[in-house]
Structures are given as structure tokens and as C-alpha cells.
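Okay, final_1.tsv now, which holds TSV, C-alpha atoms:
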```
chain	number	residue	atom	x	y	z
A	23	MET	CA	0.00	0.00	0.00
A	24	ASN	CA	1.21	3.49	-0.85
A	25	ARG	CA	2.29	5.44	2.24
A	26	MET	CA	-0.11	8.24	1.33
A	27	ASP	CA	-3.10	5.96	1.78
A	28	LYS	CA	-1.81	4.74	5.15
A	29	VAL	CA	-0.97	8.16	6.55
A	30	PHE	CA	-3.92	10.08	5.12
A	31	GLY	CA	-6.33	7.39	6.31
A	32	ARG	CA	-4.94	7.63	9.82
A	33	LEU	CA	-5.16	11.43	9.82
A	34	ALA	CA	-8.77	11.32	8.61
A	35	GLU	CA	-9.72	8.97	11.43
A	36	GLN	CA	-8.11	11.39	13.89
A	37	GLY	CA	-9.75	14.44	12.34
A	38	LYS	CA	-6.38	15.93	11.43
A	39	LYS	CA	-5.27	17.87	8.36
A	40	ILE	CA	-2.46	17.30	5.85
A	41	LEU	CA	0.60	19.57	5.89
A	42	VAL	CA	2.63	19.47	2.66
A	43	LEU	CA	5.87	21.44	2.82
A	44	TYR	CA	8.27	22.22	0.02
A	45	PHE	CA	11.76	20.82	0.56
A	46	PRO	CA	14.46	22.67	-1.45
A	47	ILE	CA	16.81	19.73	-1.89
A	48	GLY	CA	20.20	20.68	-3.26
A	49	ASP	CA	19.82	24.27	-2.09
A	50	THR	CA	22.82	25.43	-0.07
A	51	ILE	CA	20.49	26.76	2.66
A	52	LEU	CA	20.13	23.12	3.78
A	53	ASP	CA	23.40	22.16	5.41
A	54	ASP	CA	22.24	18.56	5.87
A	55	ASP	CA	19.28	17.07	3.96
A	56	CYS	CA	18.50	14.30	6.46
A	57	LEU	CA	18.82	16.65	9.43
A	58	TRP	CA	16.41	19.12	7.87
A	59	ALA	CA	13.96	16.44	6.75
A	60	GLY	CA	13.86	15.26	10.36
A	61	ARG	CA	13.10	18.79	11.50
A	62	TYR	CA	10.24	18.97	9.01
A	63	PHE	CA	8.71	15.68	10.13
A	64	ASP	CA	9.31	16.23	13.84
A	65	ASN	CA	7.43	19.54	13.70
A	66	GLY	CA	4.31	18.35	11.93
A	67	CYS	CA	5.07	17.95	8.22
A	68	THR	CA	2.96	15.19	6.64
A	69	VAL	CA	4.40	15.23	3.11
A	70	LEU	CA	7.94	16.25	2.20
A	71	GLU	CA	7.46	17.85	-1.22
A	72	ILE	CA	10.92	17.56	-2.74
A	73	GLY	CA	11.47	20.07	-5.51
A	74	LEU	CA	13.66	18.92	-8.39
A	75	PRO	CA	15.63	22.00	-9.45
A	76	TYR	CA	14.87	23.23	-12.97
A	77	HIS	CA	16.31	26.18	-14.88
A	78	ASP	CA	12.96	27.61	-16.00
A	79	PRO	CA	10.34	27.09	-13.25
A	80	VAL	CA	7.62	29.18	-14.88
A	81	LEU	CA	4.97	28.51	-12.21
A	82	ASP	CA	7.20	29.59	-9.36
A	83	GLY	CA	7.94	32.98	-7.87
A	84	LYS	CA	11.30	34.53	-7.11
A	85	THR	CA	11.93	32.68	-3.86
A	86	VAL	CA	11.63	29.21	-5.39
A	87	LYS	CA	13.39	30.28	-8.59
A	88	ASP	CA	16.37	31.56	-6.60
A	89	SER	CA	16.40	28.35	-4.55
A	90	MET	CA	16.46	26.22	-7.69
A	91	GLN	CA	19.28	28.28	-9.15
A	92	ARG	CA	21.37	27.68	-6.03
A	93	ALA	CA	20.58	23.98	-6.19
A	94	LEU	CA	21.50	23.71	-9.89
A	95	LYS	CA	24.91	25.20	-9.13
A	96	ASN	CA	25.38	22.90	-6.14
A	97	LYS	CA	24.31	19.41	-7.29
A	98	SER	CA	23.60	17.42	-10.44
A	99	LEU	CA	20.25	15.71	-10.92
A	100	ASP	CA	21.89	12.33	-10.29
A	101	GLU	CA	23.22	13.65	-7.00
A	102	ILE	CA	19.74	14.93	-6.13
A	103	PHE	CA	18.25	11.49	-6.75
A	104	ALA	CA	20.97	9.89	-4.62
A	105	ALA	CA	20.20	12.34	-1.82
A	106	ILE	CA	16.51	11.41	-1.98
A	107	GLY	CA	17.48	7.75	-1.71
A	108	LYS	CA	19.33	8.56	1.53
A	109	LEU	CA	16.22	10.31	2.84
A	110	ARG	CA	14.17	7.18	2.20
A	111	LYS	CA	16.63	5.02	4.16
A	112	GLN	CA	16.53	7.50	7.03
A	113	PHE	CA	12.74	7.90	6.99
A	114	PRO	CA	11.24	4.58	5.85
A	115	ASP	CA	7.66	5.35	6.94
A	116	ASN	CA	7.32	9.02	5.97
A	117	ILE	CA	5.84	10.37	2.74
A	118	LEU	CA	8.38	11.54	0.17
A	119	GLN	CA	6.93	13.28	-2.87
A	120	ILE	CA	8.63	14.84	-5.87
A	121	MET	CA	7.52	18.13	-7.41
A	122	THR	CA	8.94	18.54	-10.88
A	123	TYR	CA	8.50	20.19	-14.22
A	124	TYR	CA	7.62	17.88	-17.09
A	125	GLU	CA	10.76	18.77	-19.03
A	126	ILE	CA	12.84	16.87	-16.47
A	127	ILE	CA	10.70	13.76	-16.94
A	128	GLN	CA	10.81	14.16	-20.70
A	129	ALA	CA	14.61	14.38	-20.72
A	130	ALA	CA	14.94	11.24	-18.61
A	131	GLY	CA	12.19	9.35	-20.44
A	132	ILE	CA	8.91	8.55	-18.69
A	133	GLN	CA	9.70	4.88	-18.06
A	134	ASN	CA	13.22	5.60	-16.85
A	135	PHE	CA	12.03	8.42	-14.60
A	136	ALA	CA	9.45	6.12	-13.03
A	137	LYS	CA	12.10	3.45	-12.52
A	138	ILE	CA	14.36	5.94	-10.74
A	139	CYS	CA	11.49	7.08	-8.52
A	140	GLY	CA	10.71	3.48	-7.64
A	141	ALA	CA	14.33	2.76	-6.75
A	142	ILE	CA	14.62	5.74	-4.39
A	143	GLY	CA	11.28	5.13	-2.67
A	144	ILE	CA	9.07	7.99	-3.88
A	145	ASP	CA	5.35	7.91	-2.99
A	146	GLY	CA	4.02	10.53	-5.38
A	147	VAL	CA	5.00	12.83	-8.24
A	148	LEU	CA	3.41	16.22	-8.95
A	149	THR	CA	3.99	17.70	-12.41
A	150	PRO	CA	1.88	20.87	-12.76
A	151	ASN	CA	2.86	21.52	-16.40
A	152	ILE	CA	2.49	18.00	-17.80
A	153	PRO	CA	0.75	17.94	-21.21
A	154	LEU	CA	-2.69	16.33	-20.96
A	155	GLU	CA	-1.85	13.61	-23.46
A	156	LYS	CA	1.13	12.50	-21.34
A	157	ILE	CA	-0.82	12.04	-18.11
A	158	PRO	CA	-2.02	8.45	-18.85
A	159	LEU	CA	1.53	7.45	-19.81
A	160	LEU	CA	2.91	8.75	-16.53
A	161	ASP	CA	0.02	7.14	-14.63
A	162	GLN	CA	0.94	3.77	-16.09
A	163	ALA	CA	4.69	4.12	-15.65
A	164	LEU	CA	4.54	5.29	-12.02
A	165	GLY	CA	1.80	2.79	-11.20
A	166	GLN	CA	4.19	-0.07	-11.85
A	167	TYR	CA	6.02	1.03	-8.69
A	168	ASP	CA	2.90	1.94	-6.63
A	169	ILE	CA	3.71	5.63	-7.05
A	170	TYR	CA	0.87	8.12	-7.48
A	171	ASN	CA	0.79	10.61	-10.33
A	172	LEU	CA	-0.74	13.44	-8.30
A	173	ARG	CA	-3.28	15.74	-9.91
A	174	PHE	CA	-2.84	19.51	-10.04
A	175	SER	CA	-6.17	21.32	-9.93
A	176	PRO	CA	-5.98	24.74	-11.66
A	177	PHE	CA	-7.49	27.88	-10.16
A	178	HIS	CA	-10.04	27.84	-12.99
A	179	LEU	CA	-11.51	24.34	-12.98
A	180	THR	CA	-12.93	22.77	-16.14
A	181	ASP	CA	-15.30	19.85	-16.69
A	182	ALA	CA	-12.54	17.86	-18.42
A	183	VAL	CA	-10.25	18.24	-15.40
A	184	MET	CA	-13.06	17.19	-13.06
A	185	GLU	CA	-13.77	14.06	-15.10
A	186	ASP	CA	-10.12	13.05	-15.01
A	187	PHE	CA	-10.03	13.54	-11.23
A	188	LYS	CA	-13.13	11.39	-10.74
A	189	LYS	CA	-11.57	8.51	-12.64
A	190	ASN	CA	-7.88	8.80	-11.84
A	191	ALA	CA	-7.02	10.99	-8.82
A	192	LYS	CA	-4.98	9.19	-6.16
A	193	GLY	CA	-3.06	10.33	-3.12
A	194	TYR	CA	-4.27	13.92	-3.00
A	195	ILE	CA	-5.30	16.75	-5.30
A	196	PHE	CA	-3.20	19.92	-5.23
A	197	GLN	CA	-5.64	22.81	-5.54
A	198	GLN	CA	-4.03	25.97	-6.91
A	199	ALA	CA	-4.97	28.73	-4.47
A	200	VAL	CA	-4.05	31.77	-6.59
A	201	ASP	CA	-4.53	32.75	-10.20
A	202	GLY	CA	-0.80	32.83	-10.85
A	203	GLY	CA	2.54	31.53	-9.61
A	204	THR	CA	3.90	30.72	-6.19
A	205	GLY	CA	4.88	33.35	-3.66
A	206	PRO	CA	3.31	35.11	-0.65
A	207	ARG	CA	-0.10	36.77	-0.95
A	208	SER	CA	-1.87	39.02	1.52
A	209	THR	CA	-5.13	37.08	1.41
A	210	VAL	CA	-6.53	33.71	0.37
A	211	SER	CA	-9.04	33.88	-2.48
A	212	ASP	CA	-12.54	32.63	-1.70
A	213	GLN	CA	-12.30	30.77	-5.02
A	214	VAL	CA	-10.31	28.15	-3.09
A	215	GLY	CA	-13.37	27.28	-1.04
A	216	LYS	CA	-15.55	27.22	-4.17
A	217	ASN	CA	-13.14	24.85	-5.94
A	218	VAL	CA	-12.86	22.57	-2.92
A	219	ALA	CA	-16.66	22.39	-2.74
A	220	LEU	CA	-16.92	21.66	-6.48
A	221	LEU	CA	-14.47	18.76	-6.16
A	222	LYS	CA	-16.11	17.28	-3.11
A	223	ASN	CA	-19.64	17.71	-4.46
A	224	ALA	CA	-18.53	15.87	-7.60
A	225	GLY	CA	-17.90	12.82	-5.44
A	226	ILE	CA	-14.11	13.00	-5.47
A	227	MET	CA	-12.92	11.17	-2.37
A	228	VAL	CA	-9.18	11.87	-2.25
A	229	PRO	CA	-8.04	14.76	-0.03
A	230	VAL	CA	-7.95	18.25	-1.56
A	231	VAL	CA	-4.91	20.22	-0.41
A	232	ALA	CA	-4.53	23.90	-1.29
A	233	GLY	CA	-1.28	25.64	-2.11
A	234	PHE	CA	0.35	28.65	-3.85
A	235	GLY	CA	0.48	31.91	-1.92
A	236	ILE	CA	-0.25	30.50	1.54
A	237	SER	CA	2.48	31.92	3.75
A	238	ASP	CA	1.54	32.05	7.42
A	239	ALA	CA	-0.52	30.44	10.16
A	240	SER	CA	-3.49	32.77	9.76
A	241	GLN	CA	-3.80	31.89	6.08
A	242	VAL	CA	-3.53	28.20	6.94
A	243	LYS	CA	-6.50	28.58	9.29
A	244	GLU	CA	-8.42	30.54	6.67
A	245	THR	CA	-7.83	27.87	4.02
A	246	ILE	CA	-8.77	25.02	6.34
A	247	ALA	CA	-11.96	26.88	7.22
A	248	MET	CA	-12.83	26.91	3.50
A	249	GLY	CA	-12.99	23.12	3.59
A	250	ALA	CA	-9.51	22.10	2.39
A	251	ASP	CA	-8.17	18.82	3.76
A	252	GLY	CA	-4.72	20.35	4.09
A	253	ILE	CA	-2.36	22.99	2.83
A	254	VAL	CA	0.89	23.33	0.91
A	255	VAL	CA	3.48	25.95	1.84
A	256	GLY	CA	6.54	26.49	-0.34
A	257	SER	CA	8.12	29.91	-0.73
A	258	ALA	CA	7.50	30.98	2.87
A	259	THR	CA	9.18	27.83	4.18
A	260	ILE	CA	12.31	28.62	2.18
A	261	SER	CA	12.27	32.24	3.35
A	262	HIS	CA	12.02	31.28	7.02
A	263	ILE	CA	14.84	28.73	6.73
A	264	ILE	CA	16.99	31.53	5.31
A	265	GLN	CA	15.90	33.84	8.14
A	266	GLY	CA	16.89	31.23	10.73
A	267	ASP	CA	13.45	30.46	12.15
A	268	GLY	CA	12.47	27.63	9.81
A	269	VAL	CA	11.75	25.10	12.53
A	270	SER	CA	9.46	27.36	14.56
A	271	PHE	CA	7.70	28.44	11.36
A	272	ILE	CA	6.97	24.82	10.40
A	273	ARG	CA	5.64	24.17	13.89
A	274	SER	CA	3.39	27.26	13.65
A	275	LEU	CA	1.87	25.94	10.41
A	276	TYR	CA	1.19	22.56	11.97
A	277	GLU	CA	-0.45	24.13	15.01
A	278	ALA	CA	-2.64	26.21	12.70
A	279	THR	CA	-4.02	23.07	11.01
A	280	LYS	CA	-5.50	21.82	14.29
```

Rewrite the coordinates I just gave you, this time as C-alpha cells.
Amino acid sequence: MNRMDKVFGRLAEQGKKILVLYFPIGDTILDDDCLWAGRYFDNGCTVLEIGLPYHDPVLDGKTVKDSMQRALKNKSLDEIFAAIGKLRKQFPDNILQIMTYYEIIQAAGIQNFAKICGAIGIDGVLTPNIPLEKIPLLDQALGQYDIYNLRFSPFHLTDAVMEDFKKNAKGYIFQQAVDGGTGPRSTVSDQVGKNVALLKNAGIMVPVVAGFGISDASQVKETIAMGADGIVVGSATISHIIQGDGVSFIRSLYEATK
């Protein structure tokens, strides 16, 4: 059984929410990957969303783009995969998810990419910019290794997207919370609540987790109140690690989900 099913099922029984946090692997702000992953998990992180560095992350804001640039200068992709494999050995029961741009998968080859993910113990892959016609191919390739091809739900939902989710969504759905890229926002759009309701009313059973722009505990509470099953925080996590209060920030997000 995929770790997502085990962990999310347990959280649902306990009435708890999902906390997905971006992990800037390869970035020089992390002096030790395993040490920092432990800090994430020990302070309430449910899913370690490991970002594969890419030179043109069009959906991301400046904070993540700068992080990826530092990572690209610091480690090769092969070294990144090896580092993820070490994380799996250190944390055999925790959820490790990759966030990547499709161009990285395309360069590796879908089957080869899936094989690598299987070897290093990945539970899910999120590819926000994957072409629609490639989604079934990635579903099949990752499925051979019991890895979920996670669905990205755009800010403006369409009937075609909803139909795909009904048939194929596994793990969780990442609901885009802003009409644009990542990075802090002053408020959370009420469209998040509308989209969450649309998905749930359509009979979609997997958790719906909202991300993009959520940057502090108050916004976490606001998003949870809209009906989301969890939240994703990326840019703000990086910023607080740089500022030196990353651990307390992660803990504040977890406390806000209660």
C-alpha cells in the first residue's frame, strides 16, 4: 500500500489535516538534507514535497526560482536522486513526494524516470505543467512502482479536469490557491473554497490540499476553514529557513491546522 493511503487514512480517522511542505533539496540553505527532513517531520510535516531544481520554473515565484538556481549550481540531478534515496533510508515510513516540471521527466524518459522514482522510494509525483496527453503514460509508468501521479487542480476548474479527477485521482489533489505563480499573498481567495466544494460535491474522495500563496498560520486557518483537507506551503518555508526560524515556522503551520 502506498504510504499516502496509510498516513492520510490515519489522519482522517483522527480528524487531522495534511501539511505538505516544500523541501528545497540541493539548495545550499540546507546544510544537511536528512537533518532538515527530520526537522520537518518532527514539527508536523505530513508530506515532504521535494522540488527537483529546474532552470525555467515558470509557475514559481522569485523565492523558489532563486532556490532552484542555487541547487542547480550545487548538485547534479543524479546527486539529487541519490540524496533522496538517503532520505528514504533514514525515513522509511514518511511520505516523500517529488515536485517537478515535465521537461525533467521528458529528458529522462517517462519509463526511466518512473524506474528511478521506484528505486529511491518515492510515494508521489506532482507535475503541474504536464501535457494532458502524457498524463495516462505517466500514470501507467509510475503505477508499476505503486507511485501516485498526483493531480494539479488549476485555479479555474474545467469539466474535463473534473472528469479526469473522478476517474484517476490518487493520493491527494493539489488545488491551486491563486490565479498565478507561487509566492506570498496578503489574502486567500474565496475561489479556493468554491473549488474545494466543487471537487467534493462531484464525489471526489481523495483529499484536496490547497497551495500557492499560503504563507503564514493565519492563512492556513483561513484555508482550512474553507474546507480544504490540508495545505501546501513552499516559498514561505524557504524564506524562514533563510531567516533562521524555519523550525518554529513549520511548527506554527502545523499548530494552525488543528

Quick check, in Å to one decimal: how far apart do CA of Ile117 in chain A and CA of Thr68 in chain A lie?
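Answer for the CA of Ile117 in chain A to CA of Thr68 in chain A separation: 6.8 Å.
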
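Across A:Asp100, A:Asp238, A:Asp161, A:Glu185, the tightest approach to Gln133 in chain A is made by A:Asp161 when counting all atoms listed in the file.
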
Using all atoms listed in the file, pick whichever of A:Ser274, A:Ser98, A:Gln112, A:Asn134 has the shortest atom-to-atom distance to Trp58 in chain A.
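Using all atoms listed in the file, Trp58 in chain A sits closest to A:Gln112.
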
Show me, as an MDAnalysis selection string, the residues that have an atom within 6 Å of Gly146 in chain A when counting only C-alpha atoms, minus same-chain residues fewer than 3 positions from it.
chainID A and resid 119 169:171

Write out the residues from the selection above, keeping C-alpha atoms, as a PDB file, in the coordinates of the input.
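Wrote selection.pdb, looks like this:
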```
ATOM      1  CA  GLN A 119       6.930  13.280  -2.870  1.00  0.00           C
ATOM      2  CA  ILE A 169       3.710   5.630  -7.050  1.00  0.00           C
ATOM      3  CA  TYR A 170       0.870   8.120  -7.480  1.00  0.00           C
ATOM      4  CA  ASN A 171       0.790  10.610 -10.330  1.00  0.00           C
TER       5      ASN A 171
END
```

Exercise: Val29 in chain A partners within 12 Å, all atoms listed in the file, chain neighbours under 6 positions left out, as a list of chain:residue names
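In the requested form, the answer reads A:Met23, A:Glu35, A:Gln36, A:Lys38, A:Lys39, A:Ile40, A:Leu41, A:Cys67, A:Thr68, A:Val69, A:Asp115, A:Asn116, A:Ile117, A:Leu118, A:Asp145, A:Gly193, A:Tyr194, A:Pro229.
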
Would you export the selected residues with C-alpha atoms as a tab-separated table (two decimals), in the coordinates of the input, please?
```tsv
chain	number	residue	atom	x	y	z
A	23	MET	CA	0.00	0.00	0.00
A	35	GLU	CA	-9.72	8.97	11.43
A	36	GLN	CA	-8.11	11.39	13.89
A	38	LYS	CA	-6.38	15.93	11.43
A	39	LYS	CA	-5.27	17.87	8.36
A	40	ILE	CA	-2.46	17.30	5.85
A	41	LEU	CA	0.60	19.57	5.89
A	67	CYS	CA	5.07	17.95	8.22
A	68	THR	CA	2.96	15.19	6.64
A	69	VAL	CA	4.40	15.23	3.11
A	115	ASP	CA	7.66	5.35	6.94
A	116	ASN	CA	7.32	9.02	5.97
A	117	ILE	CA	5.84	10.37	2.74
A	118	LEU	CA	8.38	11.54	0.17
A	145	ASP	CA	5.35	7.91	-2.99
A	193	GLY	CA	-3.06	10.33	-3.12
A	194	TYR	CA	-4.27	13.92	-3.00
A	229	PRO	CA	-8.04	14.76	-0.03
```

Taking into account all atoms listed in the file, which residue in the set A:Phe113, A:Tyr62, A:Tyr276, A:Phe174 is nearest to Gly233 in chain A?
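Of the candidates, the smallest distance to Gly233 in chain A is held by A:Phe174.
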
Restricting the calculation to only C-alpha atoms: of A:Pro158, A:Gly215, A:Gly268, A:Gly235, which residue gets closest to Val255 in chain A?
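Under the stated criterion, the closest residue is A:Gly235.
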
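Here CA of Asn65 in chain A stands at a distance of 17.2 Å from CA of Lys243 in chain A.
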
Which is closest to Ser175 in chain A among A:Ala219, A:Ile138, A:Val231, A:Ala130, if we use all atoms listed in the file?
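Of A:Ala219, A:Ile138, A:Val231, A:Ala130, the one nearest Ser175 in chain A, counting all atoms listed in the file, is A:Val231.
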
Grab the CA of Ile272 in chain A to CA of Ala232 in chain A distance for me, in Å with one decimal place.
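CA of Ala232 in chain A lies at a distance of 16.4 Å from CA of Ile272 in chain A.
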
Exercise: residues within 10 Å of coordinate (-13.6, 11.5, -6.0), counting all atoms listed in the file, as a ChimeraX atom specification:
/A:184-192,195,221-230

Restricting to only C-alpha atoms, whichever of A:Val200, A:Ala247, A:Ile51, A:Leu164 is closest to Ser89 in chain A is A:Ile51

List as a PyMOL selection string the protein and nucleic acid residues near Arg92 in chain A, meaning an atom at most 8 Å away when all atoms listed in the file are counted, but skip any in the same chain fewer than 4 places from it.
chain A and resi 48-50+88+96

Once all heavy atoms are restored for range 235-246 of chain A, what would the output be as a PDB file, in the coordinates of the input?
```pdb
ATOM      1  N   GLY A 235       0.801  30.652  -2.568  1.00  0.00           N
ATOM      2  CA  GLY A 235       0.480  31.910  -1.920  1.00  0.00           C
ATOM      3  C   GLY A 235       0.210  31.833  -0.430  1.00  0.00           C
ATOM      4  O   GLY A 235       0.146  32.865   0.236  1.00  0.00           O
ATOM      5  N   ILE A 236       0.031  30.641   0.112  1.00  0.00           N
ATOM      6  CA  ILE A 236      -0.250  30.500   1.540  1.00  0.00           C
ATOM      7  C   ILE A 236       1.074  30.621   2.294  1.00  0.00           C
ATOM      8  O   ILE A 236       2.006  29.849   2.054  1.00  0.00           O
ATOM      9  CB  ILE A 236      -0.931  29.155   1.843  1.00  0.00           C
ATOM     10  CG1 ILE A 236      -2.260  29.089   1.075  1.00  0.00           C
ATOM     11  CG2 ILE A 236      -1.149  28.967   3.338  1.00  0.00           C
ATOM     12  CD1 ILE A 236      -2.924  27.736   1.104  1.00  0.00           C
ATOM     13  N   SER A 237       1.162  31.578   3.215  1.00  0.00           N
ATOM     14  CA  SER A 237       2.480  31.920   3.750  1.00  0.00           C
ATOM     15  C   SER A 237       2.558  32.110   5.255  1.00  0.00           C
ATOM     16  O   SER A 237       3.626  32.420   5.764  1.00  0.00           O
ATOM     17  CB  SER A 237       3.013  33.183   3.055  1.00  0.00           C
ATOM     18  OG  SER A 237       2.108  34.260   3.219  1.00  0.00           O
ATOM     19  N   ASP A 238       1.450  31.928   5.964  1.00  0.00           N
ATOM     20  CA  ASP A 238       1.540  32.050   7.420  1.00  0.00           C
ATOM     21  C   ASP A 238       0.393  31.296   8.082  1.00  0.00           C
ATOM     22  O   ASP A 238      -0.512  30.792   7.414  1.00  0.00           O
ATOM     23  CB  ASP A 238       1.558  33.522   7.865  1.00  0.00           C
ATOM     24  CG  ASP A 238       0.330  34.305   7.432  1.00  0.00           C
ATOM     25  OD1 ASP A 238      -0.774  33.725   7.368  1.00  0.00           O
ATOM     26  OD2 ASP A 238       0.474  35.508   7.146  1.00  0.00           O
ATOM     27  N   ALA A 239       0.443  31.232   9.404  1.00  0.00           N
ATOM     28  CA  ALA A 239      -0.520  30.440  10.160  1.00  0.00           C
ATOM     29  C   ALA A 239      -1.953  30.939   9.975  1.00  0.00           C
ATOM     30  O   ALA A 239      -2.893  30.134   9.891  1.00  0.00           O
ATOM     31  CB  ALA A 239      -0.144  30.446  11.637  1.00  0.00           C
ATOM     32  N   SER A 240      -2.135  32.235   9.901  1.00  0.00           N
ATOM     33  CA  SER A 240      -3.490  32.770   9.760  1.00  0.00           C
ATOM     34  C   SER A 240      -4.104  32.348   8.430  1.00  0.00           C
ATOM     35  O   SER A 240      -5.300  32.032   8.356  1.00  0.00           O
ATOM     36  CB  SER A 240      -3.487  34.292   9.888  1.00  0.00           C
ATOM     37  OG  SER A 240      -2.757  34.894   8.829  1.00  0.00           O
ATOM     38  N   GLN A 241      -3.297  32.317   7.377  1.00  0.00           N
ATOM     39  CA  GLN A 241      -3.800  31.890   6.080  1.00  0.00           C
ATOM     40  C   GLN A 241      -4.056  30.386   6.044  1.00  0.00           C
ATOM     41  O   GLN A 241      -4.951  29.917   5.342  1.00  0.00           O
ATOM     42  CB  GLN A 241      -2.834  32.304   4.974  1.00  0.00           C
ATOM     43  CG  GLN A 241      -2.785  33.808   4.760  1.00  0.00           C
ATOM     44  CD  GLN A 241      -1.812  34.222   3.665  1.00  0.00           C
ATOM     45  OE1 GLN A 241      -0.927  33.465   3.281  1.00  0.00           O
ATOM     46  NE2 GLN A 241      -1.983  35.435   3.160  1.00  0.00           N
ATOM     47  N   VAL A 242      -3.264  29.632   6.799  1.00  0.00           N
ATOM     48  CA  VAL A 242      -3.530  28.200   6.940  1.00  0.00           C
ATOM     49  C   VAL A 242      -4.912  27.990   7.546  1.00  0.00           C
ATOM     50  O   VAL A 242      -5.734  27.209   7.045  1.00  0.00           O
ATOM     51  CB  VAL A 242      -2.452  27.520   7.805  1.00  0.00           C
ATOM     52  CG1 VAL A 242      -2.870  26.085   8.143  1.00  0.00           C
ATOM     53  CG2 VAL A 242      -1.111  27.524   7.093  1.00  0.00           C
ATOM     54  N   LYS A 243      -5.200  28.701   8.635  1.00  0.00           N
ATOM     55  CA  LYS A 243      -6.500  28.580   9.290  1.00  0.00           C
ATOM     56  C   LYS A 243      -7.629  28.982   8.349  1.00  0.00           C
ATOM     57  O   LYS A 243      -8.682  28.339   8.289  1.00  0.00           O
ATOM     58  CB  LYS A 243      -6.525  29.460  10.545  1.00  0.00           C
ATOM     59  CG  LYS A 243      -5.600  28.989  11.659  1.00  0.00           C
ATOM     60  CD  LYS A 243      -5.658  29.934  12.846  1.00  0.00           C
ATOM     61  CE  LYS A 243      -4.722  29.483  13.956  1.00  0.00           C
ATOM     62  NZ  LYS A 243      -4.745  30.405  15.122  1.00  0.00           N
ATOM     63  N   GLU A 244      -7.407  30.050   7.604  1.00  0.00           N
ATOM     64  CA  GLU A 244      -8.420  30.540   6.670  1.00  0.00           C
ATOM     65  C   GLU A 244      -8.713  29.494   5.596  1.00  0.00           C
ATOM     66  O   GLU A 244      -9.876  29.256   5.240  1.00  0.00           O
ATOM     67  CB  GLU A 244      -7.908  31.834   6.036  1.00  0.00           C
ATOM     68  CG  GLU A 244      -8.911  32.558   5.154  1.00  0.00           C
ATOM     69  CD  GLU A 244      -8.353  33.847   4.574  1.00  0.00           C
ATOM     70  OE1 GLU A 244      -7.203  34.229   4.918  1.00  0.00           O
ATOM     71  OE2 GLU A 244      -9.062  34.468   3.757  1.00  0.00           O
ATOM     72  N   THR A 245      -7.661  28.870   5.084  1.00  0.00           N
ATOM     73  CA  THR A 245      -7.830  27.870   4.020  1.00  0.00           C
ATOM     74  C   THR A 245      -8.509  26.616   4.542  1.00  0.00           C
ATOM     75  O   THR A 245      -9.382  26.043   3.874  1.00  0.00           O
ATOM     76  CB  THR A 245      -6.456  27.522   3.414  1.00  0.00           C
ATOM     77  OG1 THR A 245      -5.783  28.722   3.024  1.00  0.00           O
ATOM     78  CG2 THR A 245      -6.607  26.619   2.206  1.00  0.00           C
ATOM     79  N   ILE A 246      -8.124  26.183   5.729  1.00  0.00           N
ATOM     80  CA  ILE A 246      -8.770  25.020   6.340  1.00  0.00           C
ATOM     81  C   ILE A 246     -10.251  25.289   6.568  1.00  0.00           C
ATOM     82  O   ILE A 246     -11.108  24.421   6.349  1.00  0.00           O
ATOM     83  CB  ILE A 246      -8.076  24.669   7.676  1.00  0.00           C
ATOM     84  CG1 ILE A 246      -6.626  24.209   7.437  1.00  0.00           C
ATOM     85  CG2 ILE A 246      -8.864  23.592   8.423  1.00  0.00           C
ATOM     86  CD1 ILE A 246      -6.467  22.957   6.621  1.00  0.00           C
TER      87      ILE A 246
END
```
